[in-house]
Amino acid sequence: MESDIQFMQKALLLARKAATLNEVPVGAILTLDGVLVSEGKNSPISSCDPSAHAEIIALRNGAAQLANYRMPGTTLYVTLEPCIMCMGAIIHARVRRLVFGAHDPKTGAAVSCYNIGQDNLLNHHIEISGGICEIESTALLKTFFRERRKKRLPS
């Protein structure tokens, strides 16, 4: 979908902003009926909060904006496949649809390591579309970690 790409591009801008702050470059956008509701970027390091993933921040901001802890009918766009914690929050928020960029073969909880939200083990089912803007999302992450490793190497 064209709107999926447009919203994912906005999420990528947030991910790039996170990278400039030395945070893992992940961005998230929450929409309702094709309208931007909220956004978030990774900030666990700067906020000293292990739960400050882009998805969690977008959901927190979205709940405040919508004045409801449940967000049925929403779509969450994330540049990286969510982890277990984030998928749990997505389930509890009743997000209708998840669209993500890069797959995460080590900790991805939407499709890569776990199928949370699609495994019929929970009371809420999520429509999941992965690989949207995957090349850009993956490249951003690879570049970030490559640069991080370079900084750790002795000169």
# chains A, B, ... in the order shown; residues from 1 in each chain; ligands from 1

$ residues_around --residues "segment 49-51 of chain A" --least-positions-apart "2" --cutoff "12 Å" --atoms "only C-alpha atoms" --output "mmCIF file with C-alpha atoms, in the first residue's frame"
data_model
loop_
_atom_site.group_PDB
_atom_site.id
_atom_site.type_symbol
_atom_site.label_atom_id
_atom_site.label_comp_id
_atom_site.auth_asym_id
_atom_site.auth_seq_id
_atom_site.Cartn_x
_atom_site.Cartn_y
_atom_site.Cartn_z
ATOM 1 C CA GLU A 23 20.106 5.087 20.408
ATOM 2 C CA LYS A 41 11.726 6.720 18.653
ATOM 3 C CA ASN A 42 14.004 4.494 20.696
ATOM 4 C CA SER A 43 15.266 6.184 23.846
ATOM 5 C CA PRO A 44 16.064 3.565 26.519
ATOM 6 C CA ILE A 45 19.645 4.819 26.928
ATOM 7 C CA SER A 46 18.916 8.537 27.193
ATOM 8 C CA SER A 47 15.854 8.014 29.395
ATOM 9 C CA HIS A 53 11.323 1.331 22.830
ATOM 10 C CA ALA A 54 9.908 3.266 19.882
ATOM 11 C CA GLU A 55 6.736 1.165 19.877
ATOM 12 C CA ILE A 56 6.050 1.705 23.581
ATOM 13 C CA ILE A 57 6.538 5.455 23.269
ATOM 14 C CA ALA A 58 4.230 5.628 20.233
ATOM 15 C CA LEU A 59 1.601 3.599 22.124
ATOM 16 C CA ARG A 60 1.904 5.748 25.268
ATOM 17 C CA CYS A 83 10.380 -7.664 20.537
ATOM 18 C CA ILE A 84 8.346 -9.707 23.030
ATOM 19 C CA MET A 85 7.770 -6.717 25.331
ATOM 20 C CA CYS A 86 6.509 -4.540 22.510
ATOM 21 C CA GLY A 88 2.729 -7.666 24.498
ATOM 22 C CA ALA A 89 1.955 -3.942 24.623
#

$ residues_around --residues "Val24 of chain A" --least-positions-apart "2" --cutoff "12 Å" --atoms "only C-alpha atoms" --output "PyMOL selection string"
chain A and resi 14-22+26-27+41-46+52-54+79-80+137-138+140-148

$ write_last_selection --atoms "C-alpha atoms" --output "mmCIF file, in the first residue's frame"
data_model
loop_
_atom_site.group_PDB
_atom_site.id
_atom_site.type_symbol
_atom_site.label_atom_id
_atom_site.label_comp_id
_atom_site.auth_asym_id
_atom_site.auth_seq_id
_atom_site.Cartn_x
_atom_site.Cartn_y
_atom_site.Cartn_z
ATOM 1 C CA LEU A 14 12.439 9.014 13.593
ATOM 2 C CA ALA A 15 14.848 6.065 13.537
ATOM 3 C CA ARG A 16 17.545 8.277 12.009
ATOM 4 C CA LYS A 17 16.895 10.849 14.736
ATOM 5 C CA ALA A 18 17.334 8.126 17.375
ATOM 6 C CA ALA A 19 20.659 7.137 15.785
ATOM 7 C CA THR A 20 21.950 10.714 16.089
ATOM 8 C CA LEU A 21 21.307 10.386 19.839
ATOM 9 C CA ASN A 22 23.292 7.097 19.943
ATOM 10 C CA VAL A 26 14.094 2.370 15.549
ATOM 11 C CA GLY A 27 11.115 4.611 14.855
ATOM 12 C CA LYS A 41 11.726 6.720 18.653
ATOM 13 C CA ASN A 42 14.004 4.494 20.696
ATOM 14 C CA SER A 43 15.266 6.184 23.846
ATOM 15 C CA PRO A 44 16.064 3.565 26.519
ATOM 16 C CA ILE A 45 19.645 4.819 26.928
ATOM 17 C CA SER A 46 18.916 8.537 27.193
ATOM 18 C CA ALA A 52 11.468 3.116 26.174
ATOM 19 C CA HIS A 53 11.323 1.331 22.830
ATOM 20 C CA ALA A 54 9.908 3.266 19.882
ATOM 21 C CA THR A 79 11.173 0.116 11.326
ATOM 22 C CA LEU A 80 12.212 -3.106 13.123
ATOM 23 C CA SER A 137 15.440 -0.223 7.662
ATOM 24 C CA THR A 138 18.049 -2.973 7.560
ATOM 25 C CA LEU A 140 20.128 1.885 8.830
ATOM 26 C CA LEU A 141 20.565 -0.733 11.554
ATOM 27 C CA LYS A 142 23.638 -2.314 9.944
ATOM 28 C CA THR A 143 25.324 1.064 9.501
ATOM 29 C CA PHE A 144 24.575 2.037 13.097
ATOM 30 C CA PHE A 145 26.058 -1.149 14.556
ATOM 31 C CA ARG A 146 29.044 -1.084 12.182
ATOM 32 C CA GLU A 147 29.862 2.466 13.326
ATOM 33 C CA ARG A 148 29.350 1.488 16.952
#

$ atom_distance --atom1 "atom CA of Arg70 of chain A" --atom2 "atom CA of Arg96 of chain A"
10.5 Å

$ residues_around --residues "Val111 of chain A" --least-positions-apart "3" --cutoff "12 Å" --atoms "only C-alpha atoms" --output "list in words"
Leu80, Glu81, Pro82, Cys83, Ile84, Met87, Leu98, Val99, Phe100, Ala102, His103, Asp104, Pro105, Lys106, Thr107, Gly108, Tyr114, Asn115, Ile116, Gly117, Gln118, Asp119, Ile126, Glu127, Ile128, Ser129, Gly130 and Gly131 of chain A

$ select_by_dssp --residues "segment 41-79 of chain A" --states "alpha helix (DSSP H)" --output "mmCIF file with C-alpha atoms, in the first residue's frame"
data_model
loop_
_atom_site.group_PDB
_atom_site.id
_atom_site.type_symbol
_atom_site.label_atom_id
_atom_site.label_comp_id
_atom_site.auth_asym_id
_atom_site.auth_seq_id
_atom_site.Cartn_x
_atom_site.Cartn_y
_atom_site.Cartn_z
ATOM 1 C CA PRO A 44 16.064 3.565 26.519
ATOM 2 C CA ILE A 45 19.645 4.819 26.928
ATOM 3 C CA SER A 46 18.916 8.537 27.193
ATOM 4 C CA SER A 47 15.854 8.014 29.395
ATOM 5 C CA ALA A 54 9.908 3.266 19.882
ATOM 6 C CA GLU A 55 6.736 1.165 19.877
ATOM 7 C CA ILE A 56 6.050 1.705 23.581
ATOM 8 C CA ILE A 57 6.538 5.455 23.269
ATOM 9 C CA ALA A 58 4.230 5.628 20.233
ATOM 10 C CA LEU A 59 1.601 3.599 22.124
ATOM 11 C CA ARG A 60 1.904 5.748 25.268
ATOM 12 C CA ASN A 61 1.562 8.928 23.228
ATOM 13 C CA GLY A 62 -1.295 7.414 21.231
ATOM 14 C CA ALA A 63 -3.192 6.408 24.358
ATOM 15 C CA ALA A 64 -2.845 9.955 25.694
ATOM 16 C CA GLN A 65 -3.915 11.461 22.358
ATOM 17 C CA LEU A 66 -6.935 9.156 22.034
#
